[in-house]
>>> print(open('target-v9.cif').read())   # mmCIF, C-alpha atoms
data_input
#
loop_
_atom_site.label_atom_id
_atom_site.label_comp_id
_atom_site.auth_asym_id
_atom_site.auth_seq_id
_atom_site.Cartn_x
_atom_site.Cartn_y
_atom_site.Cartn_z
CA MET T 28 -4.98 -23.13 -7.83
CA ILE T 29 -5.23 -19.76 -9.58
CA LYS T 30 -8.15 -19.02 -11.89
CA LYS T 31 -8.69 -15.94 -14.04
CA ILE T 32 -12.21 -14.59 -13.78
CA GLY T 33 -13.71 -11.77 -15.78
CA GLN T 34 -11.43 -9.22 -17.39
CA ARG T 35 -8.35 -9.24 -15.16
CA THR T 36 -9.07 -10.66 -11.72
CA LEU T 37 -7.30 -13.73 -10.38
CA ALA T 38 -9.10 -15.96 -7.89
CA LEU T 39 -6.56 -17.61 -5.59
CA GLU T 40 -8.45 -20.79 -4.87
CA SER T 41 -5.62 -22.04 -2.65
CA ALA T 42 -5.62 -18.81 -0.71
CA PRO T 43 -2.25 -17.85 0.81
CA ALA T 44 -2.14 -16.55 4.37
CA LEU T 45 -0.71 -13.32 5.74
CA ILE T 46 1.00 -14.97 8.69
CA GLN T 47 2.73 -11.91 10.15
CA TRP T 48 3.41 -8.25 9.46
CA ALA T 49 5.31 -5.26 10.80
CA SER T 50 5.20 -1.48 10.40
CA VAL T 51 7.80 1.25 10.94
CA ALA T 52 7.09 4.98 11.18
CA GLY T 53 8.85 8.29 11.74
CA LYS T 54 8.24 11.42 13.78
CA ARG T 55 5.21 12.96 12.05
CA GLU T 56 3.55 9.56 11.80
CA MET T 57 4.30 8.93 15.47
CA GLU T 58 2.46 12.17 16.25
CA GLY T 59 -0.60 11.07 14.27
CA PRO T 60 -3.66 8.99 15.19
CA LEU T 61 -2.04 5.59 14.47
CA SER T 62 0.94 5.99 16.79
CA GLN T 63 -0.08 3.08 19.03
CA GLU T 64 -0.66 0.78 16.06
CA PHE T 65 2.86 0.86 14.59
CA ASP T 66 5.40 -1.77 15.63
CA PHE T 67 8.30 0.68 15.67
CA VAL T 68 8.29 4.47 15.83
CA THR T 69 11.08 6.98 16.23
CA GLY T 70 11.40 10.73 16.55
CA ASP T 71 14.69 10.53 14.65
CA THR T 72 13.74 10.90 10.98
CA SER T 73 17.33 10.05 10.00
CA PHE T 74 16.98 6.64 11.70
CA GLY T 75 20.56 7.05 12.90
CA GLU T 76 21.91 7.28 9.34
CA LYS T 77 23.97 9.96 7.57
CA THR T 78 21.61 10.51 4.63
CA TRP T 79 17.87 10.47 4.08
CA GLU T 80 18.24 7.72 1.49
CA LYS T 81 20.08 5.49 3.96
CA ALA T 82 17.35 6.28 6.46
CA GLU T 83 14.73 4.92 4.09
CA SER T 84 16.78 1.77 3.57
CA ALA T 85 16.84 1.43 7.35
CA ILE T 86 13.02 1.57 7.36
CA GLN T 87 12.80 -1.41 5.02
CA LYS T 88 15.47 -3.33 6.90
CA LYS T 89 13.66 -2.78 10.20
CA ALA T 90 10.25 -3.71 8.79
CA VAL T 91 11.48 -7.01 7.35
CA ALA T 92 13.48 -7.89 10.46
CA LEU T 93 10.50 -7.21 12.73
CA ALA T 94 8.08 -9.21 10.56
CA LEU T 95 10.42 -12.21 10.53
CA GLU T 96 10.99 -11.92 14.27
CA LYS T 97 7.25 -11.80 14.97
CA ALA T 98 6.72 -14.82 12.71
CA GLY T 99 9.57 -16.77 14.33
CA LEU T 100 11.30 -17.15 10.98
CA GLN T 101 14.86 -16.88 9.71
CA ASN T 102 15.99 -15.18 6.52
CA SER T 103 16.42 -18.61 4.93
CA ASP T 104 12.72 -19.37 5.52
CA ILE T 105 11.72 -16.73 2.95
CA ASP T 106 11.91 -17.80 -0.69
CA TYR T 107 11.48 -14.39 -2.31
CA VAL T 108 11.07 -10.78 -1.25
CA PHE T 109 9.03 -8.38 -3.37
CA ALA T 110 10.01 -4.81 -2.56
CA GLY T 111 9.86 -1.29 -3.90
CA ASP T 112 10.07 2.40 -3.09
CA LEU T 113 9.89 5.79 -4.80
CA LEU T 114 13.58 6.35 -5.43
CA ASN T 115 15.52 6.05 -8.67
CA GLN T 116 16.56 2.43 -9.25
CA CYS T 117 14.64 1.50 -6.04
CA ILE T 118 17.77 2.09 -3.94
CA ALA T 119 15.89 2.05 -0.63
CA SER T 120 14.96 -1.56 -1.32
CA SER T 121 18.21 -2.80 -2.84
CA PHE T 122 20.46 -1.30 -0.17
CA GLY T 123 18.04 -1.93 2.68
CA LEU T 124 17.56 -5.62 1.91
CA ARG T 125 20.99 -6.64 0.61
CA GLU T 126 22.08 -8.11 3.96
CA PHE T 127 19.18 -10.57 4.16
CA GLY T 128 20.43 -12.79 1.35
CA ILE T 129 16.86 -13.38 0.11
CA PRO T 130 16.16 -13.46 -3.65
CA LEU T 131 14.80 -10.01 -4.50
CA ILE T 132 12.18 -9.02 -7.04
CA GLY T 133 12.39 -5.24 -7.17
CA LEU T 134 9.23 -3.35 -8.06
CA TYR T 135 8.18 0.14 -9.01
CA GLY T 136 4.52 1.03 -8.88
CA ALA T 137 4.92 4.40 -7.15
CA CYS T 138 2.43 4.59 -4.26
CA SER T 139 0.71 1.42 -5.52
CA THR T 140 3.79 -0.64 -4.66
CA MET T 141 2.46 -2.30 -1.49
CA ALA T 142 -0.56 -3.73 -3.32
CA GLU T 143 1.69 -4.71 -6.22
CA SER T 144 4.19 -6.51 -3.97
CA LEU T 145 1.42 -8.18 -1.96
CA SER T 146 -0.31 -9.31 -5.17
CA LEU T 147 2.82 -10.90 -6.60
CA ALA T 148 3.86 -12.49 -3.31
CA SER T 149 0.38 -13.99 -3.00
CA ILE T 150 0.43 -15.31 -6.57
CA PHE T 151 3.80 -16.97 -5.99
CA ALA T 152 2.59 -18.56 -2.74
CA ALA T 153 -0.75 -19.69 -4.20
CA SER T 154 0.84 -21.18 -7.32
CA GLY T 155 3.30 -23.39 -5.47
CA CYS T 156 6.31 -21.35 -6.60
CA ALA T 157 7.13 -20.45 -2.99
CA ASP T 158 6.37 -21.54 0.56
CA ARG T 159 6.84 -18.05 2.00
CA CYS T 160 7.39 -14.61 0.51
CA ALA T 161 7.79 -11.14 1.96
CA ALA T 162 6.04 -8.08 0.51
CA VAL T 163 7.66 -4.76 1.41
CA ALA T 164 7.35 -1.05 0.57
CA SER T 165 8.64 2.20 2.04
CA SER T 166 8.89 5.95 1.55
CA HIS T 167 10.54 8.90 3.30
CA PHE T 168 9.37 12.50 3.15
CA CYS T 169 12.85 13.93 2.68
CA THR T 170 13.98 11.46 0.00
CA ALA T 171 10.80 12.06 -1.99
CA GLU T 172 11.04 15.85 -1.73
CA ARG T 173 14.69 15.80 -2.74
CA GLN T 174 13.98 13.62 -5.78
CA PHE T 175 10.62 14.83 -7.02
CA ARG T 176 10.09 18.41 -5.88
CA LEU T 177 12.28 21.04 -4.30
CA PRO T 178 15.32 21.21 -2.01
CA LEU T 179 14.01 21.05 1.54
CA GLU T 180 15.93 24.20 2.38
CA TYR T 181 13.94 26.17 -0.21
CA GLY T 182 10.87 26.23 2.01
CA GLY T 183 8.38 26.26 -0.87
CA GLN T 184 4.69 26.59 -0.07
CA ARG T 185 2.53 23.50 -0.49
CA THR T 186 -0.76 23.73 -2.38
CA PRO T 187 -4.03 22.60 -0.74
CA THR T 188 -4.15 19.59 -3.10
CA ALA T 189 -0.65 18.42 -2.15
CA GLN T 190 -0.09 15.36 0.04
CA TRP T 191 2.58 14.60 2.62
CA THR T 192 4.88 11.69 1.80
CA ALA T 193 4.94 9.35 4.79
CA THR T 194 8.22 8.43 6.44
CA ALA T 195 7.17 4.85 6.98
CA GLY T 196 7.19 1.31 5.68
CA GLY T 197 5.61 -2.08 6.10
CA CYS T 198 6.30 -5.76 5.50
CA VAL T 199 3.91 -8.72 5.23
CA VAL T 200 4.98 -12.37 5.30
CA VAL T 201 2.82 -14.35 2.87
CA ALA T 202 2.67 -18.13 3.22
CA ALA T 203 1.38 -20.87 0.95
CA PRO T 204 -1.58 -22.95 2.17
CA GLY T 205 -0.42 -25.27 4.92
CA GLN T 206 2.55 -23.05 5.82
CA GLY T 207 0.78 -20.87 8.37
CA SER T 208 -2.46 -19.20 9.38
CA GLY T 209 -3.72 -15.65 9.14
CA PRO T 210 -5.94 -13.47 6.94
CA ARG T 211 -6.22 -14.93 3.44
CA VAL T 212 -5.70 -13.30 0.06
CA ARG T 213 -8.69 -14.42 -2.03
CA HIS T 214 -8.44 -12.29 -5.15
CA VAL T 215 -5.99 -10.03 -6.94
CA THR T 216 -6.90 -7.52 -9.65
CA ILE T 217 -3.95 -6.06 -11.52
CA GLY T 218 -4.52 -2.46 -12.53
CA LYS T 219 -4.01 -0.88 -15.91
CA ILE T 220 -2.58 2.54 -16.69
CA VAL T 221 -5.28 5.21 -16.74
CA ASP T 222 -4.40 8.75 -17.80
CA LEU T 223 -6.99 11.52 -17.99
CA GLY T 224 -4.41 14.20 -18.69
CA VAL T 225 -3.73 15.61 -15.21
CA THR T 226 -0.41 17.48 -15.33
CA ASP T 227 -0.25 18.97 -11.83
CA ALA T 228 2.43 17.06 -9.90
CA ASN T 229 1.04 18.59 -6.71
CA ASN T 230 -2.35 16.95 -7.21
CA MET T 231 -1.63 13.23 -7.07
CA GLY T 232 -5.14 12.43 -5.84
CA ALA T 233 -6.70 13.71 -9.05
CA ALA T 234 -4.17 11.82 -11.16
CA MET T 235 -4.69 8.48 -9.37
CA ALA T 236 -8.45 8.50 -8.73
CA PRO T 237 -9.41 7.43 -12.30
CA ALA T 238 -7.20 4.33 -12.02
CA ALA T 239 -8.73 3.47 -8.64
CA ALA T 240 -12.23 3.81 -10.08
CA ASP T 241 -11.34 1.59 -13.04
CA THR T 242 -9.83 -1.17 -10.88
CA ILE T 243 -12.67 -1.17 -8.34
CA LYS T 244 -15.32 -1.24 -11.07
CA THR T 245 -13.51 -4.07 -12.87
CA TYR T 246 -13.15 -6.15 -9.70
CA LEU T 247 -16.81 -5.78 -8.74
CA GLU T 248 -17.90 -6.78 -12.25
CA ASP T 249 -15.44 -9.68 -12.43
CA THR T 250 -16.58 -11.13 -9.09
CA GLY T 251 -20.25 -10.22 -9.28
CA THR T 252 -20.06 -8.50 -5.90
CA ALA T 253 -21.18 -5.12 -4.56
CA PRO T 254 -19.46 -2.58 -2.28
CA THR T 255 -21.77 -3.56 0.57
CA ASP T 256 -20.38 -7.11 0.49
CA TYR T 257 -17.24 -5.74 2.15
CA GLN T 258 -16.65 -4.19 5.53
CA LEU T 259 -14.02 -1.83 4.18
CA ILE T 260 -12.83 -0.66 0.79
CA LEU T 261 -9.47 0.90 1.54
CA THR T 262 -7.63 3.02 -1.01
CA GLY T 263 -4.14 4.38 -0.66
CA ASP T 264 -3.30 7.08 -1.10
CA LEU T 265 -5.87 9.34 -2.71
CA GLY T 266 -6.20 11.75 0.19
CA GLN T 267 -9.17 14.08 0.52
CA VAL T 268 -9.16 15.37 -3.06
CA GLY T 269 -8.69 12.01 -4.74
CA SER T 270 -11.29 10.28 -2.57
CA SER T 271 -13.92 12.86 -3.52
CA ILE T 272 -13.08 12.45 -7.22
CA LEU T 273 -13.24 8.66 -6.84
CA TYR T 274 -16.81 8.87 -5.54
CA ASP T 275 -17.82 11.07 -8.48
CA LEU T 276 -16.23 8.78 -11.06
CA LEU T 277 -17.82 5.61 -9.64
CA ALA T 278 -21.19 7.37 -9.42
CA LEU T 279 -21.15 7.55 -13.23
CA ASP T 280 -21.49 3.75 -13.14
CA GLN T 281 -24.01 3.79 -10.27
CA ILE T 282 -21.41 2.46 -7.81
CA ASP T 283 -21.43 3.92 -4.30
CA ILE T 284 -18.51 2.96 -2.07
CA ALA T 285 -18.73 5.94 0.30
CA PRO T 286 -20.44 4.07 3.18
CA VAL T 287 -17.59 1.53 3.40
CA HIS T 288 -14.64 3.52 2.03
CA ASN T 289 -11.60 4.96 3.75
CA ASP T 290 -8.17 6.00 2.53
CA CYS T 291 -4.74 5.33 4.02
CA GLY T 292 -3.77 8.94 3.33
CA LEU T 293 -6.65 10.10 5.52
CA LEU T 294 -6.00 7.59 8.31
CA ILE T 295 -2.29 8.11 8.94
CA TYR T 296 -2.45 11.83 9.86
CA ASP T 297 -4.78 14.26 11.58
CA ARG T 298 -5.33 16.77 8.77
CA GLN T 299 -6.69 19.38 11.15
CA SER T 300 -3.64 19.53 13.40
CA GLN T 301 -0.73 18.23 11.32
CA ASP T 302 -0.79 20.51 8.24
CA VAL T 303 -0.53 17.72 5.68
CA LYS T 304 -2.92 19.46 3.27
CA ALA T 305 -4.92 16.75 1.40
CA GLY T 306 -3.48 13.86 3.45
CA GLY T 307 -0.68 11.33 3.32
CA SER T 308 0.99 9.63 0.36
CA GLY T 309 4.05 7.58 -0.57
CA CYS T 310 4.66 3.83 -0.79
CA GLY T 311 5.12 3.72 2.98
CA CYS T 312 1.74 5.28 3.72
CA SER T 313 -0.46 2.41 2.53
CA ALA T 314 2.20 -0.13 3.55
CA SER T 315 2.36 1.07 7.15
CA VAL T 316 -1.41 1.52 7.52
CA LEU T 317 -2.08 -1.98 6.15
CA CYS T 318 0.63 -3.53 8.34
CA SER T 319 -0.57 -1.82 11.52
CA LEU T 320 -4.18 -0.71 11.86
CA ILE T 321 -5.80 -2.89 9.19
CA LEU T 322 -4.16 -6.27 9.74
CA GLY T 323 -4.21 -5.53 13.46
CA LYS T 324 -8.00 -5.31 13.24
CA PHE T 325 -8.04 -8.69 11.49
CA ALA T 326 -6.01 -10.14 14.35
CA ARG T 327 -8.45 -8.65 16.88
CA GLY T 328 -11.50 -9.92 15.00
CA GLU T 329 -12.68 -6.41 14.13
CA LEU T 330 -12.38 -6.95 10.38
CA ASP T 331 -12.88 -10.06 8.29
CA ASN T 332 -13.45 -8.98 4.67
CA ILE T 333 -11.86 -6.01 2.89
CA LEU T 334 -10.58 -4.70 -0.42
CA PHE T 335 -7.17 -3.03 -0.35
CA ILE T 336 -6.44 -0.85 -3.38
CA ALA T 337 -3.13 1.01 -3.48
CA THR T 338 -2.80 3.71 -6.12
CA GLY T 339 0.28 5.08 -7.84
CA ALA T 340 1.22 8.11 -9.94
CA LEU T 341 3.68 6.96 -12.59
CA LEU T 342 5.65 10.16 -13.11
CA SER T 343 9.29 11.14 -12.84
CA THR T 344 11.11 14.45 -12.66
CA THR T 345 12.13 13.95 -16.28
CA SER T 346 8.58 13.31 -17.53
CA SER T 347 7.27 16.33 -15.60
CA ALA T 348 10.02 18.58 -17.01
CA GLN T 349 9.06 17.42 -20.50
CA GLY T 350 5.44 18.44 -19.96
CA GLU T 351 4.05 14.91 -19.71
CA SER T 352 0.81 14.13 -17.90
CA VAL T 353 0.69 11.97 -14.77
CA PRO T 354 -0.54 8.41 -15.52
CA GLY T 355 -2.16 6.52 -12.67
CA ILE T 356 -2.42 2.86 -11.72
CA ALA T 357 -4.19 0.92 -8.98
CA HIS T 358 -3.85 -2.71 -7.89
CA LEU T 359 -6.46 -4.48 -5.73
CA VAL T 360 -6.12 -7.25 -3.15
CA HIS T 361 -9.13 -8.94 -1.56
CA ILE T 362 -8.33 -10.06 1.99
CA SER T 363 -10.69 -12.06 4.20
CA ALA T 364 -10.53 -13.92 7.48
CA ASP T 365 -8.73 -17.26 7.80
CA ARG T 366 -11.54 -19.74 7.35
CA ASP T 367 -12.92 -22.06 4.70
CA GLN T 368 -14.43 -19.73 2.14
CA PRO T 369 -14.55 -20.39 -1.61
CA ALA T 370 -12.89 -17.68 -3.69
CA GLY T 371 -15.53 -15.37 -5.14
CA LYS T 372 -17.90 -15.68 -2.16
CA PRO T 373 -17.34 -12.67 0.15
CA ALA T 374 -17.81 -13.19 3.85
CA ALA T 375 -20.90 -11.75 5.53
CA ARG T 376 -20.39 -8.20 6.74
CA LYS T 377 -20.04 -7.38 10.41
CA GLY T 378 -20.65 -3.69 9.66
CA GLY T 379 -18.60 -0.58 10.20
CA LYS T 380 -15.29 0.60 8.83
#
>>> encode(input="target-v9.cif", output="structure tokens")
Amino acid sequence: MIKKIGQRTLALESAPALIQWASVAGKREMEGPLSQEFDFVTGDTSFGEKTWEKAESAIQKKAVALALEKAGLQNSDIDYVFAGDLLNQCIASSFGLREFGIPLIGLYGACSTMAESLSLASIFAASGCADRCAAVASSHFCTAERQFRLPLEYGGQRTPTAQWTATAGGCVVVAAPGQGSGPRVRHVTIGKIVDLGVTDANNMGAAMAPAAADTIKTYLEDTGTAPTDYQLILTGDLGQVGSSILYDLLALDQIDIAPVHNDCGLLIYDRQSQDVKAGGSGCGCSASVLCSLILGKFARGELDNILFIATGALLSTTSSAQGESVPGIAHLVHISADRDQPAGKPAARKGGK
């Protein structure tokens, strides 16, 4: 049911289905271009909680509850939940999901976590290890700033290369074949750590772009496909700087993804009016964009064949203080429409992003 092809791509021949999804977003995200796509938005960035960390847990709790409600499922219908966030010991996930009583596999892939959780949930469902899994990720601007950068009260200036951590989250319910219908996960490519020596913690796009280039190149070689075989190649979250670097790196191997590429960090905000510098970032950025705009377009028949590549910067405050570089990683998930299609044979393009 799962076959390894090429260097590190898995073909899920019994392709699991994304049967339902939900997205949650905060104030700045609500003011952006995707406001009408999110399932739940609020102008209260504390989500009614006493701390920012509890607010992020509330994001995950809401995303999972909404996804299950939309799917008509109970907690007991989910075999495993794969979840992660940016906080130490993944406390947004552990505290946010503890009431569900679902076996938890906690993950840390930084901003790549949504692709990591979706990959593992899909592998479990395709292998027969589970009937249904949930893949979840979240982030919160204030929790990330408090942990990784400066006290919010300091009012430090942000560099042009900096990105804005999204206060958002998303959840996808993944079902084994025969357990539901929806867009199918056809392939998964697990990323490897790529480190070109970037040390600027305010330039995550530059740190993560080499990993994205490596994973995309590997997937295309493993499957024998080309960028033009897909309607959309969606990264998250490289922002403006990282996306430009990604094009340059892939050009060294004569790969041009620009005509079909977009980035979650560029979709979630209006960079001209919202002062987010190079764009959005955080686990919740790619999670919320995937679980709103992108899968919504699948449901409306506007998309039927995409690559989703979430990227992560594997740093900590300790590693930065010790002068370490910022390693990057990127995981890829190939999603296509729910129809009979052998793994490894991309659907015909309909055109457009």
>>> closest_atom_pairs(input="target-v9.cif", of="segment 47-141 of chain T", to="segment 258-277 of chain T", cutoff="10 Å", atoms="only C-alpha atoms", output="JSON lines")
{"residue": "T:Cys138", "atom": "CA", "partner": "T:Asp264", "partner_atom": "CA", "distance": 7.0}
{"residue": "T:Ser139", "atom": "CA", "partner": "T:Gly263", "partner_atom": "CA", "distance": 7.5}
{"residue": "T:Met141", "atom": "CA", "partner": "T:Gly263", "partner_atom": "CA", "distance": 9.4}
>>> residues_near_point(input="target-v9.cif", point="(-1.3, 13.7, -9.8)", cutoff="12 Å", atoms="all atoms listed in the file", output="PyMOL selection string")
chain T and resi 137-138+188-190+221-238+264-266+268-269+308+338-343+347+351-356
>>> residues_around(input="target-v9.cif", residues="Ile32 of chain T", least_positions_apart="6", cutoff="10 Å", atoms="only C-alpha atoms", output="ChimeraX atom specification")
/T:38,214,216,246,248-250,371
>>> residues_around(input="target-v9.cif", residues="Ser315 of chain T", least_positions_apart="2", cutoff="7 Å", atoms="only C-alpha atoms", output="MDAnalysis selection string")
chainID T and resid 50:51 195:197 311:313 317:319
>>> closest_residue(input="target-v9.cif", among="T:Gly59, T:Glu83, T:Ala364, T:Ala142", to="Gln299 of chain T", atoms="all atoms listed in the file")
T:Gly59
>>> residues_near_point(input="target-v9.cif", point="(-5.5, -13.0, -5.8)", cutoff="12 Å", atoms="all atoms listed in the file", output="VMD selection string")
chain T and resid 28 to 32 35 to 44 142 to 154 211 to 217 246 250 334 to 335 358 to 363 370 to 371
>>> residues_around(input="target-v9.cif", residues="segment 98-110 of chain T", least_positions_apart="5", cutoff="9 Å", atoms="all atoms listed in the file", output="ChimeraX atom specification")
/T:46-48,87,92-93,117,120-121,124,127-135,140-141,143-145,147-148,151,156-165,198,200
>>> closest_residue(input="target-v9.cif", among="T:Asn289, T:Ser166, T:Thr252, T:Gln281", to="Lys81 of chain T", atoms="all atoms listed in the file")
T:Ser166
>>> residues_around(input="target-v9.cif", residues="Lys54 of chain T", least_positions_apart="5", cutoff="12 Å", atoms="only C-alpha atoms", output="list in words")
Gly59, Leu61, Ser62, Phe65, Phe67, Val68, Thr69, Gly70, Asp71, Thr72, Ser73, Phe74, His167, Phe168, Ala193, Thr194, Ala195, Tyr296 and Gln301 of chain T
>>> build_atoms(input="target-v9.cif", residues="segment 324-336 of chain T", atoms="N, CA, C and O atoms", output="compact mmCIF listing (two decimals), in the coordinates of the input")
# COMPACT_ATOMS: atom_id res chain seq x y z
N LYS T 324 -6.55 -5.11 13.03
CA LYS T 324 -8.00 -5.31 13.24
C LYS T 324 -8.42 -6.72 12.84
O LYS T 324 -9.32 -7.30 13.46
N PHE T 325 -7.78 -7.28 11.82
CA PHE T 325 -8.04 -8.69 11.49
C PHE T 325 -7.66 -9.57 12.67
O PHE T 325 -8.40 -10.48 13.05
N ALA T 326 -6.49 -9.32 13.23
CA ALA T 326 -6.01 -10.14 14.35
C ALA T 326 -6.93 -10.03 15.56
O ALA T 326 -7.10 -11.00 16.32
N ARG T 327 -7.55 -8.87 15.74
CA ARG T 327 -8.45 -8.65 16.88
C ARG T 327 -9.89 -9.05 16.58
O ARG T 327 -10.77 -8.91 17.44
N GLY T 328 -10.14 -9.52 15.37
CA GLY T 328 -11.50 -9.92 15.00
C GLY T 328 -12.42 -8.78 14.67
O GLY T 328 -13.64 -8.95 14.59
N GLU T 329 -11.86 -7.58 14.43
CA GLU T 329 -12.68 -6.41 14.13
C GLU T 329 -12.94 -6.24 12.64
O GLU T 329 -13.83 -5.48 12.24
N LEU T 330 -12.17 -6.93 11.82
CA LEU T 330 -12.38 -6.95 10.38
C LEU T 330 -12.28 -8.39 9.90
O LEU T 330 -11.52 -9.18 10.48
N ASP T 331 -13.04 -8.72 8.85
CA ASP T 331 -12.88 -10.06 8.29
C ASP T 331 -13.04 -10.10 6.78
O ASP T 331 -12.94 -11.17 6.18
N ASN T 332 -13.25 -8.94 6.12
CA ASN T 332 -13.45 -8.98 4.67
C ASN T 332 -13.27 -7.58 4.09
O ASN T 332 -14.12 -6.72 4.26
N ILE T 333 -12.14 -7.36 3.40
CA ILE T 333 -11.86 -6.01 2.89
C ILE T 333 -11.28 -6.07 1.48
O ILE T 333 -10.80 -7.11 1.02
N LEU T 334 -11.31 -4.93 0.83
CA LEU T 334 -10.58 -4.70 -0.42
C LEU T 334 -9.52 -3.65 -0.14
O LEU T 334 -9.82 -2.58 0.40
N PHE T 335 -8.28 -3.95 -0.51
CA PHE T 335 -7.17 -3.03 -0.35
C PHE T 335 -6.70 -2.63 -1.74
O PHE T 335 -6.28 -3.47 -2.53
N ILE T 336 -6.80 -1.34 -2.05
CA ILE T 336 -6.44 -0.85 -3.38
C ILE T 336 -5.42 0.27 -3.24
O ILE T 336 -5.75 1.39 -2.82
